[in-house]
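Dropping run.cif in here (mmCIF, C-alpha atoms and all ligand atoms):
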```cif
data_query
#
loop_
_atom_site.label_atom_id
_atom_site.label_comp_id
_atom_site.auth_asym_id
_atom_site.auth_seq_id
_atom_site.Cartn_x
_atom_site.Cartn_y
_atom_site.Cartn_z
CA MET F 1 -114.63 48.51 19.09
CA PRO F 2 -112.14 46.32 20.95
CA THR F 3 -111.62 46.83 24.67
CA SER F 4 -108.58 48.81 25.79
CA ALA F 5 -106.78 45.59 26.77
CA ASN F 6 -107.47 44.06 23.35
CA ARG F 7 -106.41 46.74 20.93
CA VAL F 8 -105.55 46.03 17.32
CA LEU F 9 -102.14 46.85 15.87
CA GLN F 10 -101.53 47.31 12.15
CA LEU F 11 -98.07 46.15 11.20
CA GLY F 12 -96.54 47.38 7.92
CA ARG F 13 -98.47 48.41 4.84
CA LEU F 14 -101.94 47.01 4.21
CA LYS F 15 -104.56 47.35 1.44
CA PRO F 16 -105.68 50.99 1.88
CA SER F 17 -109.37 50.15 2.47
CA LEU F 18 -108.40 47.60 5.14
CA ALA F 19 -106.08 50.06 6.87
CA GLU F 20 -108.86 52.64 6.82
CA THR F 21 -111.42 50.21 8.30
CA LEU F 22 -108.97 49.22 11.04
CA ARG F 23 -108.34 52.86 11.86
CA THR F 24 -111.96 54.05 11.88
CA ASP F 25 -113.99 51.02 13.00
CA TYR F 26 -111.45 49.31 15.26
CA HIS F 27 -109.45 52.34 16.45
CA ALA F 28 -106.35 50.34 15.58
CA TYR F 29 -102.86 51.61 16.20
CA ALA F 30 -100.26 51.44 13.44
CA LEU F 31 -96.77 50.44 14.57
CA PRO F 32 -94.38 53.29 13.69
CA ASP F 33 -90.91 52.71 12.25
CA GLY F 34 -87.49 53.56 13.65
CA ASP F 35 -87.08 55.30 17.03
CA ARG F 36 -90.80 56.05 17.27
CA ARG F 37 -91.40 52.32 17.42
CA ASP F 38 -89.67 51.98 20.81
CA VAL F 39 -91.57 54.98 22.15
CA PHE F 40 -94.86 53.47 20.93
CA LEU F 41 -94.08 50.09 22.48
CA ALA F 42 -93.13 51.67 25.80
CA GLN F 43 -96.54 53.38 25.90
CA HIS F 44 -98.90 50.84 24.33
CA ALA F 45 -97.37 47.34 24.28
CA ASP F 46 -99.66 46.07 27.08
CA GLU F 47 -102.81 47.07 25.22
CA ILE F 48 -102.23 45.05 22.05
CA GLY F 49 -104.33 41.89 21.70
CA ALA F 50 -104.15 41.36 17.92
CA ILE F 51 -101.85 42.20 15.03
CA VAL F 52 -103.06 42.58 11.45
CA VAL F 53 -100.28 42.16 8.90
CA SER F 54 -99.76 41.29 5.25
CA GLY F 55 -97.36 38.72 3.83
CA VAL F 56 -94.59 41.24 3.18
CA THR F 57 -94.01 42.22 6.82
CA ARG F 58 -92.23 40.00 9.33
CA VAL F 59 -93.69 39.08 12.71
CA ASP F 60 -90.78 37.67 14.68
CA SER F 61 -90.38 36.29 18.20
CA GLU F 62 -88.81 39.54 19.38
CA LEU F 63 -91.93 41.53 18.49
CA MET F 64 -94.18 38.87 20.06
CA ALA F 65 -92.10 39.05 23.25
CA ALA F 66 -92.52 42.83 23.31
CA LEU F 67 -96.34 42.50 23.26
CA PRO F 68 -97.24 40.62 26.49
CA ASN F 69 -100.99 40.42 25.81
CA LEU F 70 -100.80 39.52 22.13
CA LYS F 71 -103.16 36.62 21.40
CA ALA F 72 -103.68 36.71 17.61
CA VAL F 73 -101.80 37.47 14.41
CA VAL F 74 -104.24 37.95 11.54
CA ASN F 75 -102.46 37.65 8.18
CA PHE F 76 -103.64 39.11 4.88
CA GLY F 77 -102.46 36.33 2.58
CA VAL F 78 -102.50 32.55 2.46
CA GLY F 79 -98.73 32.26 2.84
CA TYR F 80 -97.51 32.95 6.37
CA ASP F 81 -93.75 32.44 6.11
CA ASN F 82 -93.46 36.06 7.30
CA ILE F 83 -94.65 34.90 10.76
CA ASP F 84 -92.61 32.86 13.22
CA VAL F 85 -95.42 30.35 13.80
CA GLU F 86 -93.36 28.21 16.20
CA ALA F 87 -92.74 31.22 18.46
CA ALA F 88 -96.45 32.11 18.22
CA ALA F 89 -97.51 28.57 19.20
CA ALA F 90 -95.06 28.56 22.11
CA ARG F 91 -96.65 31.76 23.43
CA GLY F 92 -100.24 30.59 22.82
CA ILE F 93 -100.73 33.19 20.06
CA GLY F 94 -103.17 32.12 17.31
CA VAL F 95 -102.31 32.83 13.67
CA SER F 96 -104.84 33.08 10.83
CA ASN F 97 -104.39 33.33 7.06
CA THR F 98 -106.69 33.73 4.04
CA PRO F 99 -106.97 30.28 2.42
CA ASP F 100 -109.22 29.27 -0.48
CA VAL F 101 -110.51 32.72 -1.47
CA LEU F 102 -107.44 33.29 -3.65
CA ASN F 103 -107.08 29.80 -5.16
CA ASP F 104 -108.75 30.74 -8.46
CA CYS F 105 -106.77 33.92 -9.13
CA VAL F 106 -103.42 32.42 -8.18
CA ALA F 107 -104.16 29.35 -10.32
CA ASP F 108 -105.18 31.63 -13.22
CA THR F 109 -101.85 33.45 -12.80
CA ALA F 110 -99.92 30.17 -12.84
CA VAL F 111 -101.60 29.03 -16.05
CA GLY F 112 -101.19 32.48 -17.63
CA LEU F 113 -97.49 32.48 -16.77
CA LEU F 114 -97.07 28.93 -18.03
CA ILE F 115 -98.65 29.78 -21.39
CA ASP F 116 -96.75 33.07 -21.68
CA THR F 117 -93.46 31.35 -20.87
CA MET F 118 -93.86 28.46 -23.29
CA ARG F 119 -95.44 30.48 -26.11
CA GLN F 120 -93.36 33.61 -25.40
CA PHE F 121 -96.29 36.00 -25.80
CA SER F 122 -94.67 38.80 -23.79
CA SER F 123 -91.51 38.49 -25.82
CA ALA F 124 -93.49 38.34 -29.09
CA ASP F 125 -95.35 41.50 -28.00
CA ARG F 126 -92.00 43.26 -27.52
CA TYR F 127 -90.89 41.95 -30.93
CA LEU F 128 -93.92 43.52 -32.58
CA ARG F 129 -93.72 46.82 -30.67
CA THR F 130 -90.06 47.33 -31.55
CA GLY F 131 -90.79 46.88 -35.26
CA ARG F 132 -89.03 43.54 -35.63
CA TRP F 133 -92.00 41.86 -37.34
CA VAL F 134 -91.41 44.28 -40.22
CA THR F 135 -87.61 44.06 -40.22
CA ASP F 136 -87.00 40.43 -39.21
CA GLY F 137 -90.18 38.64 -40.33
CA ASN F 138 -92.20 36.09 -38.41
CA TYR F 139 -91.51 35.42 -34.74
CA PRO F 140 -89.59 32.17 -34.13
CA LEU F 141 -91.62 29.05 -33.31
CA THR F 142 -92.31 28.24 -29.68
CA HIS F 143 -93.59 25.16 -27.80
CA GLN F 144 -97.08 23.72 -27.33
CA VAL F 145 -98.78 23.91 -23.95
CA SER F 146 -101.78 21.63 -24.58
CA ARG F 147 -101.05 17.95 -23.93
CA SER F 148 -97.66 18.69 -22.36
CA HIS F 149 -96.53 16.89 -19.20
CA VAL F 150 -96.71 19.20 -16.19
CA GLY F 151 -95.33 18.59 -12.71
CA ILE F 152 -96.90 20.32 -9.73
CA LEU F 153 -94.61 20.79 -6.75
CA GLY F 154 -97.02 21.10 -3.81
CA LEU F 155 -100.49 19.70 -4.51
CA GLY F 156 -102.37 21.77 -1.93
CA ARG F 157 -105.41 23.94 -2.56
CA ILE F 158 -103.67 26.17 -5.12
CA GLY F 159 -101.70 23.32 -6.70
CA GLY F 160 -104.96 21.39 -7.10
CA ALA F 161 -106.65 24.37 -8.77
CA ILE F 162 -103.72 24.68 -11.20
CA ALA F 163 -103.83 20.95 -12.00
CA GLY F 164 -107.60 21.11 -12.63
CA ARG F 165 -107.15 23.91 -15.16
CA LEU F 166 -104.28 22.16 -16.96
CA ARG F 167 -106.28 18.96 -17.18
CA ALA F 168 -108.70 20.86 -19.41
CA PHE F 169 -105.70 21.58 -21.69
CA GLY F 170 -105.18 17.83 -22.04
CA CYS F 171 -101.95 17.99 -20.01
CA SER F 172 -100.79 14.94 -18.09
CA ILE F 173 -100.15 15.86 -14.49
CA SER F 174 -97.66 14.46 -12.00
CA TYR F 175 -96.91 15.91 -8.59
CA HIS F 176 -94.62 15.81 -5.63
CA ASN F 177 -95.81 16.68 -2.15
CA ARG F 178 -94.61 16.04 1.38
CA ARG F 179 -97.27 13.35 1.49
CA GLN F 180 -99.15 11.57 -1.28
CA VAL F 181 -102.65 13.04 -1.61
CA PRO F 182 -105.22 10.27 -1.04
CA GLY F 183 -107.62 9.83 -3.96
CA SER F 184 -105.70 12.23 -6.23
CA PRO F 185 -106.11 11.44 -9.94
CA TYR F 186 -102.53 12.60 -10.57
CA ARG F 187 -99.34 10.56 -10.59
CA TYR F 188 -97.29 10.88 -7.40
CA VAL F 189 -93.50 11.13 -7.64
CA ASP F 190 -91.60 10.79 -4.37
CA SER F 191 -88.97 13.50 -4.91
CA ALA F 192 -88.70 16.94 -6.49
CA VAL F 193 -85.78 15.81 -8.64
CA GLY F 194 -87.70 12.74 -9.83
CA LEU F 195 -90.65 14.94 -10.77
CA ALA F 196 -88.43 17.42 -12.63
CA ARG F 197 -86.79 14.57 -14.55
CA GLU F 198 -90.07 13.37 -16.04
CA VAL F 199 -91.94 16.60 -16.87
CA LYS F 200 -91.68 19.38 -19.45
CA VAL F 201 -92.87 22.10 -17.06
CA LEU F 202 -92.47 22.27 -13.30
CA VAL F 203 -94.98 24.51 -11.51
CA VAL F 204 -94.02 25.48 -7.96
CA ALA F 205 -97.06 25.77 -5.67
CA ALA F 206 -95.48 24.69 -2.36
CA ALA F 207 -95.79 26.84 0.74
CA GLY F 208 -92.73 28.89 1.65
CA GLY F 209 -90.81 28.61 4.91
CA ARG F 210 -87.94 26.64 6.34
CA GLY F 211 -89.24 23.23 5.20
CA THR F 212 -89.23 24.13 1.49
CA ARG F 213 -86.24 26.49 1.26
CA HIS F 214 -84.34 25.80 -1.98
CA LEU F 215 -86.38 22.67 -2.66
CA VAL F 216 -85.76 23.56 -6.31
CA ASP F 217 -81.98 23.55 -6.34
CA ARG F 218 -79.38 23.10 -9.04
CA GLU F 219 -79.97 19.36 -9.18
CA VAL F 220 -83.72 19.83 -9.75
CA LEU F 221 -83.08 22.50 -12.40
CA ASP F 222 -80.66 20.21 -14.20
CA ALA F 223 -83.18 17.38 -14.02
CA LEU F 224 -85.72 19.67 -15.70
CA GLY F 225 -83.05 20.33 -18.31
CA ALA F 226 -82.48 22.50 -21.35
CA ASP F 227 -85.93 21.71 -22.79
CA GLY F 228 -87.72 22.27 -19.47
CA TYR F 229 -89.68 25.22 -18.12
CA LEU F 230 -90.17 26.44 -14.57
CA VAL F 231 -93.14 28.43 -13.21
CA ASN F 232 -93.25 29.82 -9.66
CA ILE F 233 -96.32 31.41 -8.09
CA ALA F 234 -95.48 30.31 -4.52
CA ARG F 235 -92.50 31.91 -2.78
CA GLY F 236 -89.10 32.92 -4.10
CA SER F 237 -87.46 31.06 -1.21
CA VAL F 238 -88.56 27.68 -2.63
CA ILE F 239 -86.09 28.11 -5.52
CA ASP F 240 -82.33 28.61 -5.31
CA GLN F 241 -82.53 31.83 -7.30
CA ASP F 242 -78.78 32.06 -7.98
CA ALA F 243 -78.84 28.56 -9.43
CA LEU F 244 -81.90 29.50 -11.51
CA VAL F 245 -80.24 32.63 -12.94
CA GLU F 246 -77.17 30.56 -13.78
CA ALA F 247 -79.21 27.83 -15.49
CA LEU F 248 -81.16 30.37 -17.54
CA THR F 249 -78.17 32.44 -18.60
CA GLN F 250 -76.20 29.30 -19.54
CA GLY F 251 -79.09 27.85 -21.57
CA ARG F 252 -79.50 24.87 -19.21
CA LEU F 253 -83.24 25.65 -18.84
CA ALA F 254 -85.62 26.60 -21.67
CA GLY F 255 -87.47 29.33 -19.77
CA ALA F 256 -89.13 30.47 -16.57
CA GLY F 257 -92.28 32.31 -15.51
CA LEU F 258 -91.89 33.94 -12.12
CA ASP F 259 -94.38 35.85 -9.96
CA VAL F 260 -92.24 35.63 -6.81
CA PHE F 261 -88.59 36.27 -5.99
CA ALA F 262 -86.05 35.69 -3.24
CA ASP F 263 -85.78 39.34 -2.18
CA GLU F 264 -88.90 41.20 -3.34
CA PRO F 265 -89.17 43.76 -4.82
CA ASN F 266 -85.58 43.29 -6.01
CA VAL F 267 -85.14 41.11 -9.09
CA PRO F 268 -81.72 40.08 -10.42
CA ALA F 269 -80.77 42.33 -13.36
CA ALA F 270 -79.65 39.24 -15.29
CA LEU F 271 -83.26 38.00 -15.41
CA THR F 272 -84.61 41.24 -16.85
CA LYS F 273 -82.26 40.88 -19.82
CA LEU F 274 -83.58 37.44 -20.84
CA ASP F 275 -86.38 37.05 -23.38
CA ASN F 276 -87.23 33.48 -22.37
CA VAL F 277 -88.31 34.65 -18.92
CA VAL F 278 -91.64 36.21 -17.92
CA LEU F 279 -91.43 38.33 -14.77
CA LEU F 280 -94.41 39.52 -12.74
CA PRO F 281 -94.32 41.73 -9.62
CA HIS F 282 -96.10 39.27 -7.26
CA VAL F 283 -99.58 39.82 -8.71
CA GLY F 284 -100.94 36.27 -8.24
CA SER F 285 -103.91 37.20 -6.05
CA GLY F 286 -104.02 40.80 -7.24
CA THR F 287 -107.55 41.26 -8.55
CA VAL F 288 -110.25 43.53 -7.17
CA GLU F 289 -112.47 40.53 -6.46
CA THR F 290 -109.91 38.33 -4.71
CA ARG F 291 -108.34 41.10 -2.66
CA ALA F 292 -111.84 42.11 -1.48
CA ALA F 293 -112.49 38.50 -0.44
CA MET F 294 -109.15 38.37 1.39
CA GLU F 295 -109.97 41.63 3.17
CA ALA F 296 -113.38 40.28 4.24
CA LEU F 297 -111.75 37.11 5.59
CA VAL F 298 -109.17 39.13 7.52
CA LEU F 299 -111.96 41.14 9.15
CA ALA F 300 -113.99 37.98 9.85
CA ASN F 301 -110.97 36.53 11.66
CA LEU F 302 -110.43 39.72 13.60
CA ASP F 303 -114.11 40.02 14.59
CA LYS F 304 -114.27 36.43 15.76
CA PHE F 305 -111.09 36.85 17.75
CA LEU F 306 -112.36 40.01 19.43
CA GLU F 307 -115.68 38.33 20.27
CA SER F 308 -114.52 34.91 21.36
CA GLY F 309 -110.74 34.64 21.23
CA GLU F 310 -111.11 32.15 18.34
CA LEU F 311 -110.15 32.50 14.66
CA VAL F 312 -112.18 31.56 11.54
CA THR F 313 -109.24 30.22 9.53
CA PRO F 314 -106.47 29.41 12.00
CA VAL F 315 -103.18 28.17 10.64
CA THR F 316 -102.29 24.66 11.71
CA HIS F 317 -98.70 23.65 11.16
C1 LIG I 1 -100.42 38.53 -1.45
C2 LIG I 1 -99.66 36.10 -1.26
O1 LIG I 1 -99.81 39.23 -2.47
O2 LIG I 1 -101.53 35.18 -0.18
C3 LIG I 1 -100.31 35.17 -0.31
O3 LIG I 1 -99.59 34.37 0.31
O4 LIG I 1 -98.51 36.00 -1.53
C4 LIG I 1 -100.47 37.14 -1.93
O5 LIG I 1 -101.79 36.78 -2.03
C5 LIG I 1 -99.77 38.93 -0.20
O6 LIG I 1 -100.05 38.16 0.90
C6 LIG I 1 -100.15 40.35 0.10
O7 LIG I 1 -99.21 40.95 0.78
#
```

Could you express the structure from this file as structure tokens?
Ligand code: 8YV
Amino acid sequence: MPTSANRVLQLGRLKPSLAETLRTDYHAYALPDGDRRDVFLAQHADEIGAIVVSGVTRVDSELMAALPNLKAVVNFGVGYDNIDVEAAAARGIGVSNTPDVLNDCVADTAVGLLIDTMRQFSSADRYLRTGRWVTDGNYPLTHQVSRSHVGILGLGRIGGAIAGRLRAFGCSISYHNRRQVPGSPYRYVDSAVGLAREVKVLVVAAAGGRGTRHLVDREVLDALGADGYLVNIARGSVIDQDALVEALTQGRLAGAGLDVFADEPNVPAALTKLDNVVLLPHVGSGTVETRAAMEALVLANLDKFLESGELVTPVTH
């Protein structure tokens, strides 16, 4: 149980079991919405030492300023573009995320999306269910995944796990990253557009945030071209979504597999009408096993913070 000057605040919705643990074992507050929020802050702002939040809820400098004793933001998720990390650093507030424990599931999702997009399994399933196999005959031919040339945009922990899986498919792998990865067995390309120009499939695995906003723009999409495929398991903000919708609807891109979008949970209606697009509702890490591991890491960070003021997996940026 944290001391009264180091209370825990739940911000936004969390995994139900995590919210329950915070409420019962940590006597955490939950920040109310609307007018009740100001009333809550007037009464309790001084008590809050740590925030627990998930990737969908913003932690901005205004909120940090309203909590004078805030010392930690513990994030459920590896991506932390929901948190103003510069403002946190300036105020001496530590931020933690949940790295590594979700690499496998997110990489599985990327490969699943890539295969579904190129082989059109979801579309073929719809074809069968709507009786078209009987009326129209065999499903049209699609494109081979094995031995294709794949580009990974962002060769971090998740990008590396995706590349490792695709290697087993005999794919040749190139990548673009802010910095070349020392000792990487994959071919480095020094720009996103250069990478898109040489590959059949571009897989986006770069962290979100200001530095990567619209890294995949119209020029990159055109470099990928009418025979190229795009897969995104990172953040919707990394892609210029309007340019993507335009390229797909005009046939300037062969297809796309998307787990993330610019304004979740809203997805452009134009995308839902296309059969060469596979759309998932941000399920990359969404398995029982991985979400349990993320929850355990959130609590490990919180416990360490409450004991020592330190975090297990602090974000360094
Ligand atoms: C989660 C994610 O869906 O870890 C991330 O960055 O995007 C996902 O694992 C999300 O954080 C849960 O809200």

(message) From the options F:Val39, F:Val78, F:Ala87, F:Val101, which residue's atoms come nearest to ligand LIG 1 (chain I), counting only C-alpha atoms and all ligand atoms?
(response) F:Val78

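If you look at CA of Val231 (chain F) and CA of Asp263 (chain F), they are 17.2 Å away from each other.
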
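With CA of Arg218 (chain F) on one side and CA of Asn232 (chain F) on the other, the separation reads 15.4 Å.
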
(message) What's the separation between CA of Gly211 (chain F) and CA of Val106 (chain F), in Å to one decimal place?
(response) 21.6 Å

(message) Quick one: residues within 8 Å of Leu102 (chain F), all atoms listed in the file, excluding same-chain residues fewer than 2 positions away - as a list in words?
(response) Val78, Thr98, Pro99, Asp100, Asp104, Cys105, Val106, Ser285, Thr290, Arg291, Ala293 and Met294 of chain F

Would you pick out the contacts of Tyr139 (chain F) at 10 Å or less, using only C-alpha atoms, so that residues sharing its chain but fewer than 5 positions from it are not included, and give the list as a compact mmCIF listing (two decimals) with C-alpha atoms, keeping the file's coordinate frame?
```
# COMPACT_ATOMS: atom_id res chain seq x y z
CA GLN F 120 -93.36 33.61 -25.40
CA SER F 123 -91.51 38.49 -25.82
CA ALA F 124 -93.49 38.34 -29.09
CA ASP F 125 -95.35 41.50 -28.00
CA TYR F 127 -90.89 41.95 -30.93
CA LEU F 128 -93.92 43.52 -32.58
CA ARG F 132 -89.03 43.54 -35.63
CA TRP F 133 -92.00 41.86 -37.34
```

(request) Output the neighbourhood of ligand LIG 1 (chain I) as an MDAnalysis selection string, that is, all protein and nucleic acid residues with some atom at most 10 Å from the ligand, counting all atoms listed in the file. (result) chainID F and resid 12:15 53:57 75:82 97:103 105:106 207:208 233:235 259:260 281:287 290:291 294

Would you mind listing, for every residue of region 188-214 of chain F within 10 Å of region 238-254 of chain F, the two atoms forming the shortest contact and the distance between them in Å to one decimal, using only C-alpha atoms, sorted by chain and ascending residue number, as CSV?
```
residue,atom,partner,partner_atom,distance
F:Lys200,CA,F:Ala254,CA,9.7
F:Val201,CA,F:Ala254,CA,9.7
F:Val204,CA,F:Val238,CA,7.9
F:Ala205,CA,F:Val238,CA,9.2
F:Ala206,CA,F:Val238,CA,7.5
F:Ala207,CA,F:Val238,CA,8.0
F:Gly208,CA,F:Val238,CA,6.1
F:Gly209,CA,F:Val238,CA,7.9
F:Arg210,CA,F:Val238,CA,9.1
F:Gly211,CA,F:Val238,CA,9.0
F:Thr212,CA,F:Val238,CA,5.5
F:Arg213,CA,F:Val238,CA,4.7
F:His214,CA,F:Ile239,CA,4.6
```

(message) as a count of residues only, please: the residues near Leu279 (chain F) (cut-off 8 Å, all atoms listed in the file, same-chain neighbours under 3 positions excluded).
(response) 4

Please complete region 35-45 of chain F with all heavy atoms and give it back as a tab-separated table (two decimals), in the frame of the given file.
```
chain	number	residue	atom	x	y	z
F	35	ASP	N	-87.11	54.97	15.60
F	35	ASP	CA	-87.08	55.30	17.03
F	35	ASP	C	-88.48	55.40	17.62
F	35	ASP	O	-88.70	55.07	18.78
F	35	ASP	CB	-86.40	56.67	17.25
F	35	ASP	CG	-84.93	56.61	16.87
F	35	ASP	OD1	-84.44	55.48	16.69
F	35	ASP	OD2	-84.32	57.69	16.75
F	36	ARG	N	-89.42	55.87	16.77
F	36	ARG	CA	-90.80	56.05	17.27
F	36	ARG	C	-91.44	54.72	17.65
F	36	ARG	O	-92.38	54.67	18.42
F	36	ARG	CB	-91.64	56.78	16.22
F	36	ARG	CG	-91.24	58.27	16.13
F	36	ARG	CD	-91.80	58.97	14.91
F	36	ARG	NE	-93.20	58.71	14.68
F	36	ARG	CZ	-93.70	58.24	13.53
F	36	ARG	NH1	-92.91	58.00	12.51
F	36	ARG	NH2	-94.99	58.03	13.40
F	37	ARG	N	-90.88	53.65	17.11
F	37	ARG	CA	-91.40	52.32	17.42
F	37	ARG	C	-91.18	51.98	18.91
F	37	ARG	O	-92.09	51.51	19.59
F	37	ARG	CB	-90.68	51.31	16.53
F	37	ARG	CG	-91.09	49.89	16.71
F	37	ARG	CD	-90.36	49.04	15.70
F	37	ARG	NE	-90.39	47.67	16.10
F	37	ARG	CZ	-90.61	46.65	15.29
F	37	ARG	NH1	-90.80	46.85	14.02
F	37	ARG	NH2	-90.62	45.42	15.73
F	38	ASP	N	-89.97	52.27	19.41
F	38	ASP	CA	-89.67	51.98	20.81
F	38	ASP	C	-90.53	52.83	21.74
F	38	ASP	O	-91.03	52.35	22.77
F	38	ASP	CB	-88.19	52.25	21.10
F	38	ASP	CG	-87.32	51.24	20.38
F	38	ASP	OD1	-87.86	50.17	20.01
F	38	ASP	OD2	-86.12	51.51	20.19
F	39	VAL	N	-90.73	54.07	21.35
F	39	VAL	CA	-91.57	54.98	22.15
F	39	VAL	C	-93.00	54.44	22.19
F	39	VAL	O	-93.64	54.35	23.25
F	39	VAL	CB	-91.54	56.42	21.56
F	39	VAL	CG1	-92.47	57.34	22.33
F	39	VAL	CG2	-90.11	56.95	21.54
F	40	PHE	N	-93.51	54.03	21.01
F	40	PHE	CA	-94.86	53.47	20.93
F	40	PHE	C	-94.99	52.24	21.82
F	40	PHE	O	-95.93	52.10	22.61
F	40	PHE	CB	-95.21	53.11	19.47
F	40	PHE	CG	-96.50	52.37	19.35
F	40	PHE	CD1	-97.71	53.05	19.23
F	40	PHE	CD2	-96.55	50.97	19.42
F	40	PHE	CE1	-98.92	52.37	19.15
F	40	PHE	CE2	-97.75	50.28	19.36
F	40	PHE	CZ	-98.93	50.97	19.23
F	41	LEU	N	-94.01	51.34	21.71
F	41	LEU	CA	-94.08	50.09	22.48
F	41	LEU	C	-94.04	50.37	23.99
F	41	LEU	O	-94.76	49.74	24.77
F	41	LEU	CB	-92.97	49.13	22.07
F	41	LEU	CG	-93.15	48.51	20.66
F	41	LEU	CD1	-91.94	47.68	20.26
F	41	LEU	CD2	-94.42	47.65	20.58
F	42	ALA	N	-93.22	51.33	24.38
F	42	ALA	CA	-93.13	51.67	25.80
F	42	ALA	C	-94.49	52.15	26.32
F	42	ALA	O	-94.87	51.87	27.46
F	42	ALA	CB	-92.06	52.73	26.01
F	43	GLN	N	-95.24	52.83	25.46
F	43	GLN	CA	-96.54	53.38	25.90
F	43	GLN	C	-97.69	52.40	25.78
F	43	GLN	O	-98.60	52.39	26.59
F	43	GLN	CB	-96.89	54.61	25.04
F	43	GLN	CG	-96.20	55.87	25.52
F	43	GLN	CD	-96.48	57.03	24.55
F	43	GLN	OE1	-97.13	56.87	23.53
F	43	GLN	NE2	-95.99	58.19	24.90
F	44	HIS	N	-97.68	51.58	24.67
F	44	HIS	CA	-98.90	50.84	24.33
F	44	HIS	C	-98.77	49.32	24.28
F	44	HIS	O	-99.78	48.64	24.04
F	44	HIS	CB	-99.42	51.31	22.96
F	44	HIS	CG	-99.73	52.76	22.90
F	44	HIS	ND1	-100.77	53.33	23.60
F	44	HIS	CD2	-99.11	53.77	22.24
F	44	HIS	CE1	-100.79	54.64	23.36
F	44	HIS	NE2	-99.79	54.93	22.54
F	45	ALA	N	-97.56	48.78	24.49
F	45	ALA	CA	-97.37	47.34	24.28
F	45	ALA	C	-98.40	46.50	25.03
F	45	ALA	O	-98.93	45.52	24.48
F	45	ALA	CB	-95.95	46.95	24.71
```
